Amino acid sequence: MSAIEIRNVKKRYKDLQALKGVSLSIEEGEFFGLLGPNGAGKTTLISILAGLARADEGSVAVRGHDVVSDFREARRALGVVPQELVFDPFFTVRETLRIQSGYYGLSRNDDWIDEVMANLDLTEKADANMRALSGGMKRRVLVAQALVHRPPVIVLDEPTAGVDVELRQTLWKFIARLNREGHTIVLTTHYLEEAESLCDRIAMLRRGEVVALERTSALLQRFAGMQLFVRFATGVLPAELRGLEVDPTAAGARQHLLRLSSYDDVERILAQCRAAGCTFEEIEVRKADLEDVFVQVMNGPEVIEGLA
């Protein structure tokens with residue numbers, strides 16, 4: 001049984017086709033990344049998964065429970081950390097978590113609430129009113145709310161957006177522990193270094209479609225390789241080298257990031273630049289990372305799909 005099964009999900013908002021037949025299967029115990037630029041459809045997909053929106057076509061199931069026809073069990077199996085800071089200003093942190101527990105019929109949940117607060121460094125704020133907390137602390141409470149009923153599937157929608165390094169480290173330590181204990185984690189983030197280090201497998205969405213679906217290591221191997229960064233003091237990149245640019249839209253007149261097949265390409269490229277009258281201010285050979293892969297996939301016409 002899959003932790004999440006998404007089959008041919010389509011969703012339209014008036015003239016916008018937000019999802020164009022998305023299909024994904026996320027296995028039990030996976031740490032799965034769902035990546036894409038703003039407007040790719042990630043939050044729409046999560047909203048359908050959480051029961052906040054309904055798909056026009058297709059189906060979504062959490063641990064075998066359809067999110068429409070068997071919504072109670074589907075939602076019981078799911079914990080979602082939303083992007084937005086949503087909170088009730090009339091309760092303390094502990095009261096908020098007790099109320100959240102009550103939604104799931106958990107009347108004696110204080111031991112787990114204490115453990116969650118301790119792991120998210122919220123213990124000292126347990127009796128503080130929610131409206132008195134900083135943005136970072138409110139974000140921690142949102143995470144705690146999603147975990148308070150010990151869901152086997154946890155969805156984190158931009159959980160570290162705009163928060164400090166301390167919270168990121170604290171959160172990922174706790175989430176990694178839950179994943180080791182068997183919880184399935186689904187992460188959306190614009191911090192691609194987080195996805196690269198944490199996620200076993202990644203799906204990339206572009207304009208409502210899945211354009212890449214592979215293990216993280218396979219994506220890096222397929223696209224990454226090496227790159228040559230050059231910054232010119234004078235001159236412009238020769239036209240015959242423009243096809244090697246990783247992201248032509250981001251290139252300036254003076255600096256460029258070029259794909260390399262091997263180290264042997266370096267001298268050939270530099271020689272062509274010199275022959276075109278270029279002089280160099282900076283030269284660096286780099287190993288590509290997930291951010292580079294992301295740029296290539298988002299700018300490419302093809303769909304890359306592998307289920308390794």
# chains A, B, ... in the order shown; residues from 1 in each chain; ligands from 1
>>> residues_around(residues="Gly208 (chain A)", least_positions_apart="5", cutoff="6 Å", atoms="only C-alpha atoms", output="list of chain:residue names")
A:Ala18, A:Leu19, A:Lys20, A:Ala40, A:Gly41
>>> write_last_selection(atoms="N, CA and C atoms", output="compact mmCIF listing (two decimals), in the first residue's frame")
# COMPACT_ATOMS: atom_id res chain seq x y z
N ALA A 18 -4.70 24.63 -13.27
CA ALA A 18 -3.66 24.54 -12.24
C ALA A 18 -2.96 23.19 -12.24
N LEU A 19 -3.71 22.11 -12.49
CA LEU A 19 -3.15 20.76 -12.56
C LEU A 19 -3.66 20.09 -13.82
N LYS A 20 -2.74 19.44 -14.56
CA LYS A 20 -3.07 18.90 -15.88
C LYS A 20 -2.90 17.38 -15.95
N ALA A 40 3.39 26.51 -10.02
CA ALA A 40 3.52 25.20 -10.68
C ALA A 40 2.37 24.26 -10.35
N GLY A 41 1.67 24.51 -9.23
CA GLY A 41 0.56 23.65 -8.83
C GLY A 41 0.80 22.87 -7.55
>>> select_by_dssp(residues="region 181-281 of chain A", states="strand (DSSP E)", output="ChimeraX atom specification")
/A:184-188,201-206,209-215,226-234,255-260,279-281
>>> write_last_selection(atoms="N, CA and C atoms", output="JSON list (two decimals), in the first residue's frame")
[["chain", "number", "residue", "atom", "x", "y", "z"],
["A", 184, "THR", "N", 6.10, 8.85, 6.71],
["A", 184, "THR", "CA", 6.32, 9.33, 5.35],
["A", 184, "THR", "C", 6.33, 10.85, 5.36],
["A", 185, "ILE", "N", 7.33, 11.46, 4.72],
["A", 185, "ILE", "CA", 7.46, 12.91, 4.69],
["A", 185, "ILE", "C", 7.38, 13.40, 3.25],
["A", 186, "VAL", "N", 6.53, 14.40, 3.02],
["A", 186, "VAL", "CA", 6.45, 15.06, 1.72],
["A", 186, "VAL", "C", 6.82, 16.53, 1.93],
["A", 187, "LEU", "N", 7.81, 16.99, 1.22],
["A", 187, "LEU", "CA", 8.35, 18.33, 1.42],
["A", 187, "LEU", "C", 8.25, 19.16, 0.16],
["A", 188, "THR", "N", 7.70, 20.38, 0.27],
["A", 188, "THR", "CA", 7.87, 21.37, -0.78],
["A", 188, "THR", "C", 8.74, 22.49, -0.20],
["A", 201, "ARG", "N", 13.55, 10.84, -3.07],
["A", 201, "ARG", "CA", 13.03, 10.92, -4.43],
["A", 201, "ARG", "C", 12.37, 12.27, -4.61],
["A", 202, "ILE", "N", 12.37, 12.76, -5.85],
["A", 202, "ILE", "CA", 11.89, 14.12, -6.12],
["A", 202, "ILE", "C", 11.00, 14.11, -7.36],
["A", 203, "ALA", "N", 9.89, 14.86, -7.25],
["A", 203, "ALA", "CA", 9.06, 15.17, -8.42],
["A", 203, "ALA", "C", 9.14, 16.66, -8.65],
["A", 204, "MET", "N", 9.28, 17.06, -9.89],
["A", 204, "MET", "CA", 9.30, 18.47, -10.25],
["A", 204, "MET", "C", 8.07, 18.80, -11.08],
["A", 205, "LEU", "N", 7.34, 19.83, -10.67],
["A", 205, "LEU", "CA", 6.15, 20.28, -11.39],
["A", 205, "LEU", "C", 6.45, 21.56, -12.15],
["A", 206, "ARG", "N", 5.87, 21.65, -13.33],
["A", 206, "ARG", "CA", 5.98, 22.87, -14.15],
["A", 206, "ARG", "C", 4.64, 23.09, -14.82],
["A", 209, "GLU", "N", 2.12, 20.21, -14.48],
["A", 209, "GLU", "CA", 2.49, 18.88, -14.97],
["A", 209, "GLU", "C", 3.76, 18.40, -14.29],
["A", 210, "VAL", "N", 3.87, 17.09, -14.11],
["A", 210, "VAL", "CA", 5.10, 16.50, -13.59],
["A", 210, "VAL", "C", 6.08, 16.38, -14.75],
["A", 211, "VAL", "N", 7.22, 17.07, -14.63],
["A", 211, "VAL", "CA", 8.21, 17.05, -15.71],
["A", 211, "VAL", "C", 9.46, 16.26, -15.34],
["A", 212, "ALA", "N", 9.59, 15.88, -14.07],
["A", 212, "ALA", "CA", 10.69, 15.01, -13.65],
["A", 212, "ALA", "C", 10.24, 14.24, -12.43],
["A", 213, "LEU", "N", 10.57, 12.96, -12.39],
["A", 213, "LEU", "CA", 10.22, 12.11, -11.25],
["A", 213, "LEU", "C", 11.26, 11.01, -11.15],
["A", 214, "GLU", "N", 12.22, 11.20, -10.23],
["A", 214, "GLU", "CA", 13.32, 10.26, -10.10],
["A", 214, "GLU", "C", 13.89, 10.31, -8.69],
["A", 215, "ARG", "N", 14.72, 9.33, -8.39],
["A", 215, "ARG", "CA", 15.50, 9.41, -7.16],
["A", 215, "ARG", "C", 16.44, 10.61, -7.26],
["A", 226, "MET", "N", 29.71, 18.64, -14.52],
["A", 226, "MET", "CA", 30.52, 19.79, -14.11],
["A", 226, "MET", "C", 30.11, 21.02, -14.91],
["A", 227, "GLN", "N", 30.49, 22.17, -14.36],
["A", 227, "GLN", "CA", 30.16, 23.43, -15.01],
["A", 227, "GLN", "C", 31.36, 24.37, -14.91],
["A", 228, "LEU", "N", 31.44, 25.25, -15.88],
["A", 228, "LEU", "CA", 32.50, 26.25, -15.90],
["A", 228, "LEU", "C", 31.87, 27.63, -15.75],
["A", 229, "PHE", "N", 32.24, 28.32, -14.69],
["A", 229, "PHE", "CA", 31.78, 29.70, -14.49],
["A", 229, "PHE", "C", 32.87, 30.64, -14.99],
["A", 230, "VAL", "N", 32.48, 31.58, -15.85],
["A", 230, "VAL", "CA", 33.42, 32.58, -16.34],
["A", 230, "VAL", "C", 32.81, 33.97, -16.17],
["A", 231, "ARG", "N", 33.65, 34.89, -15.73],
["A", 231, "ARG", "CA", 33.27, 36.30, -15.69],
["A", 231, "ARG", "C", 34.31, 37.05, -16.51],
["A", 232, "PHE", "N", 33.84, 37.78, -17.52],
["A", 232, "PHE", "CA", 34.75, 38.48, -18.41],
["A", 232, "PHE", "C", 35.07, 39.88, -17.89],
["A", 233, "ALA", "N", 36.33, 40.26, -18.06],
["A", 233, "ALA", "CA", 36.72, 41.66, -17.84],
["A", 233, "ALA", "C", 36.38, 42.46, -19.09],
["A", 234, "THR", "N", 36.62, 41.84, -20.25],
["A", 234, "THR", "CA", 36.25, 42.45, -21.53],
["A", 234, "THR", "C", 35.77, 41.35, -22.48],
["A", 255, "GLN", "N", 29.02, 37.51, -17.34],
["A", 255, "GLN", "CA", 29.24, 36.23, -16.65],
["A", 255, "GLN", "C", 28.31, 35.14, -17.19],
["A", 256, "HIS", "N", 28.86, 33.91, -17.22],
["A", 256, "HIS", "CA", 28.13, 32.80, -17.82],
["A", 256, "HIS", "C", 28.49, 31.50, -17.09],
["A", 257, "LEU", "N", 27.50, 30.58, -17.04],
["A", 257, "LEU", "CA", 27.71, 29.25, -16.47],
["A", 257, "LEU", "C", 27.51, 28.25, -17.60],
["A", 258, "LEU", "N", 28.56, 27.50, -17.92],
["A", 258, "LEU", "CA", 28.57, 26.62, -19.09],
["A", 258, "LEU", "C", 28.69, 25.15, -18.65],
["A", 259, "ARG", "N", 27.99, 24.28, -19.36],
["A", 259, "ARG", "CA", 28.08, 22.85, -19.08],
["A", 259, "ARG", "C", 29.40, 22.29, -19.59],
["A", 260, "LEU", "N", 29.95, 21.33, -18.82],
["A", 260, "LEU", "CA", 31.16, 20.63, -19.22],
["A", 260, "LEU", "C", 30.88, 19.13, -19.30],
["A", 279, "THR", "N", 38.84, 38.72, -22.21],
["A", 279, "THR", "CA", 39.79, 38.59, -21.10],
["A", 279, "THR", "C", 38.98, 38.25, -19.86],
["A", 280, "PHE", "N", 39.62, 37.52, -18.92],
["A", 280, "PHE", "CA", 38.89, 36.93, -17.81],
["A", 280, "PHE", "C", 39.12, 37.67, -16.49],
["A", 281, "GLU", "N", 38.04, 37.86, -15.76],
["A", 281, "GLU", "CA", 38.11, 38.40, -14.41],
["A", 281, "GLU", "C", 38.03, 37.27, -13.38]]
>>> select_by_dssp(residues="region 25-260 of chain A", states="helix (DSSP H, G or I)", output="number ranges by chain")
A: 42-50, 71-76, 93-103, 110-119, 123-125, 130-132, 135-147, 165-180, 192-198, 216-223, 239-244
>>> closest_residue(among="A:Ser101, A:Gln169, A:Ser134, A:Asn38", to="Pro151 (chain A)", atoms="only C-alpha atoms")
A:Ser101
>>> residues_around(residues="Ser59 (chain A)", least_positions_apart="4", cutoff="12 Å", atoms="only C-alpha atoms", output="ChimeraX atom specification")
/A:4-11,21-25,45,48-49,51,54-55,64-70
>>> write_last_selection(atoms="C-alpha atoms", output="compact mmCIF listing (two decimals), in the first residue's frame")
# COMPACT_ATOMS: atom_id res chain seq x y z
CA ILE A 4 -0.08 8.61 -1.08
CA GLU A 5 -1.58 7.65 -4.43
CA ILE A 6 -2.39 10.48 -6.86
CA ARG A 7 -3.99 9.45 -10.15
CA ASN A 8 -4.57 11.77 -13.11
CA VAL A 9 -5.57 14.75 -10.94
CA LYS A 10 -6.82 17.80 -12.81
CA LYS A 11 -7.91 21.12 -11.34
CA GLY A 21 -3.36 15.23 -15.01
CA VAL A 22 -0.81 14.75 -12.21
CA SER A 23 -0.03 11.18 -11.21
CA LEU A 24 2.31 10.27 -8.33
CA SER A 25 2.82 7.32 -6.01
CA LEU A 45 -2.09 19.53 -5.12
CA ILE A 48 -6.60 18.54 -2.71
CA LEU A 49 -4.63 16.04 -0.64
CA GLY A 51 -9.34 18.08 1.57
CA ARG A 54 -11.62 19.08 -4.68
CA ALA A 55 -10.14 17.81 -7.91
CA GLY A 64 -5.57 3.60 0.80
CA HIS A 65 -8.26 6.03 2.01
CA ASP A 66 -9.81 8.20 -0.69
CA VAL A 67 -9.71 11.86 0.38
CA VAL A 68 -13.33 12.37 -0.75
CA SER A 69 -15.23 9.15 -0.09
CA ASP A 70 -13.23 8.15 3.01
